[in-house]
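Engineer: Got a structure for you, questions after.
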Amino acid sequence: MAARGARSAAVFTKWVAHVTGDEGVQGVLALQDGLLLGRFVGKVTGRSVEGLNAGAQSSEENAANVRAAFSHLEACGMPLAALACSEDEVLEGNQEMVLSLLWDLADRFVIAPQFPSATGHWKSAFLQWCQARCGPRGVSVTDFHKSFQDGLALCALVDSAMPNTAIVNMPTLRPSEQRQN
């Protein structure tokens, strides 16, 4: 479980660095200073966060930056009660909760706009997208858990994205060979 958390932290760290253009980000806990969090929130929402103190040195100034980022999220229509993470948890350096915050932001501002659906939830639209790509390759996708355990759905998605379908060779794959798939 700890390895999965470390991988998640590494992936989200790269995402924060990419979005902010700051390749020197040393981990998601760098968001504690509030300035990086504010810049990141501004980029994912498409609007600059007002009231950030770029020269923040003290914990009070960092807290003000975190508050500004959270206020900005609320102004962008994201109820703070809907977030898994609070301002205090960011300031305390609770990595698990900061990762939850980043996932909430990814869900709201990146994923959901890419997969709009009649139900208003991106998961159902994304599931339909997966089904449309996997079905023609003989792979049934009904959920994001069991349907992906044998690796066939992932292979089918990769196959659907490749110009040369001989790369994956779907007919040779077997559900019993999970690791190989």
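Note on naming: chains are A, B, ... as they come in the structure tokens, residues start from 1 per chain, ligands start from 1 in the order shown.
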Need to verify the contact set: stretch 122-127 of chain A, 12 Å, only C-alpha atoms, exclusion of same-chain residues closer than 3 positions in sequence. Can you return it as a PyMOL selection string?

Structural biologist: chain A and resi 106-119+130-135+140-145+147-148+153+157

Engineer: Fewer than 4 positions away in the same chain doesn't count, so skip those; otherwise give me all residues within 8 Å of A:Arg174, counting only C-alpha atoms, as a list in words.

Structural biologist: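 Within the cut-off, the hits are Leu152, Gln178 and Asn181 of chain A.
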
Engineer: Check the DSSP output for the backbone and give back, as a VMD selection string, the residues of chain A in helix (DSSP H, G or I).

Structural biologist: chain A and resid 2 to 20 28 to 33 35 to 45 59 to 75 80 to 82 87 to 92 95 to 114 122 to 137 146 to 148 152 to 161 170 to 172

Engineer: A:Cys155: which residues within 10 Å, counting only C-alpha atoms, same-chain residues fewer than 4 positions away excluded, as number ranges by chain?

Structural biologist: A: 134, 137, 139, 148, 150-151, 159-161, 168-170, 173, 181

Engineer: Could you write out the selected residues, including N, CA and C atoms, as a PDB file, in the first residue's frame?

Structural biologist:
```pdb
ATOM      1  N   CYS A 134     -13.169  -1.129 -26.653  1.00  0.00           N
ATOM      2  CA  CYS A 134     -12.838  -2.511 -26.290  1.00  0.00           C
ATOM      3  C   CYS A 134     -13.777  -3.527 -26.935  1.00  0.00           C
ATOM      4  N   ARG A 137     -12.928  -5.314 -30.091  1.00  0.00           N
ATOM      5  CA  ARG A 137     -11.762  -6.174 -29.939  1.00  0.00           C
ATOM      6  C   ARG A 137     -12.086  -7.397 -29.082  1.00  0.00           C
ATOM      7  N   VAL A 139     -13.519  -7.520 -26.064  1.00  0.00           N
ATOM      8  CA  VAL A 139     -13.327  -7.359 -24.624  1.00  0.00           C
ATOM      9  C   VAL A 139     -14.520  -6.597 -24.051  1.00  0.00           C
ATOM     10  N   PHE A 148     -10.813  -4.695 -15.737  1.00  0.00           N
ATOM     11  CA  PHE A 148      -9.427  -4.376 -16.082  1.00  0.00           C
ATOM     12  C   PHE A 148      -8.419  -5.311 -15.398  1.00  0.00           C
ATOM     13  N   ASP A 150      -7.638  -8.527 -15.695  1.00  0.00           N
ATOM     14  CA  ASP A 150      -6.853  -9.483 -16.482  1.00  0.00           C
ATOM     15  C   ASP A 150      -5.967  -8.810 -17.527  1.00  0.00           C
ATOM     16  N   GLY A 151      -6.019  -7.490 -17.626  1.00  0.00           N
ATOM     17  CA  GLY A 151      -5.163  -6.758 -18.548  1.00  0.00           C
ATOM     18  C   GLY A 151      -5.694  -6.649 -19.970  1.00  0.00           C
ATOM     19  N   ASP A 159      -4.490  -1.016 -28.084  1.00  0.00           N
ATOM     20  CA  ASP A 159      -4.670  -1.461 -29.455  1.00  0.00           C
ATOM     21  C   ASP A 159      -5.522  -0.472 -30.252  1.00  0.00           C
ATOM     22  N   SER A 160      -6.566   0.051 -29.612  1.00  0.00           N
ATOM     23  CA  SER A 160      -7.453   0.982 -30.313  1.00  0.00           C
ATOM     24  C   SER A 160      -6.761   2.299 -30.644  1.00  0.00           C
ATOM     25  N   ALA A 161      -5.712   2.622 -29.913  1.00  0.00           N
ATOM     26  CA  ALA A 161      -5.002   3.884 -30.133  1.00  0.00           C
ATOM     27  C   ALA A 161      -3.849   3.742 -31.116  1.00  0.00           C
ATOM     28  N   VAL A 168      -0.295  -5.076 -30.688  1.00  0.00           N
ATOM     29  CA  VAL A 168      -0.800  -5.752 -29.493  1.00  0.00           C
ATOM     30  C   VAL A 168      -1.163  -7.206 -29.795  1.00  0.00           C
ATOM     31  N   ASN A 169      -1.683  -7.486 -30.958  1.00  0.00           N
ATOM     32  CA  ASN A 169      -2.088  -8.828 -31.378  1.00  0.00           C
ATOM     33  C   ASN A 169      -3.112  -9.427 -30.403  1.00  0.00           C
ATOM     34  N   MET A 170      -4.252  -8.788 -30.322  1.00  0.00           N
ATOM     35  CA  MET A 170      -5.324  -9.155 -29.393  1.00  0.00           C
ATOM     36  C   MET A 170      -5.707 -10.641 -29.435  1.00  0.00           C
ATOM     37  N   LEU A 173      -3.930 -12.994 -26.869  1.00  0.00           N
ATOM     38  CA  LEU A 173      -3.974 -12.739 -25.425  1.00  0.00           C
ATOM     39  C   LEU A 173      -4.973 -13.658 -24.733  1.00  0.00           C
ATOM     40  N   ASN A 181      -0.314  -9.874 -19.895  1.00  0.00           N
ATOM     41  CA  ASN A 181      -1.180  -8.904 -20.561  1.00  0.00           C
ATOM     42  C   ASN A 181      -0.844  -7.510 -20.104  1.00  0.00           C
TER      43      ASN A 181
END
```

Engineer: I'd like the contact shell of A:Phe12 - 7 Å cut-off, only C-alpha atoms, skipping same-chain residues fewer than 4 positions apart - returned as a ChimeraX atom specification.

Structural biologist: /A:8,16,28

Engineer: Between atom CA of A:Ala82 and atom CA of A:Asp104, what distance in Å does the model show, to one decimal?

Structural biologist: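 Taking atom CA of A:Ala82 and atom CA of A:Asp104, their separation equals 8.6 Å.
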
Engineer: So, counting only C-alpha atoms, which residue among A:Gln57, A:Thr13, A:Asn62, A:Ser48 is closest to A:Gln32?

Structural biologist: A:Asn62

Engineer: Just give me the gap between atom CA of A:Val90 and atom CA of A:Leu31 in Å, one decimal is fine.

Structural biologist: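 Interatomic distance, atom CA of A:Val90 to atom CA of A:Leu31: 7.2 Å.
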
Engineer: Identify, on the basis of only C-alpha atoms, every residue whose closest approach to A:Glu89 does not exceed 12 Å; exclude the query and any residue fewer than 6 positions from it along the same chain; express the result as a VMD selection string.

Structural biologist: chain A and resid 29 31 to 32 34 63 66 to 67 83 95 to 101
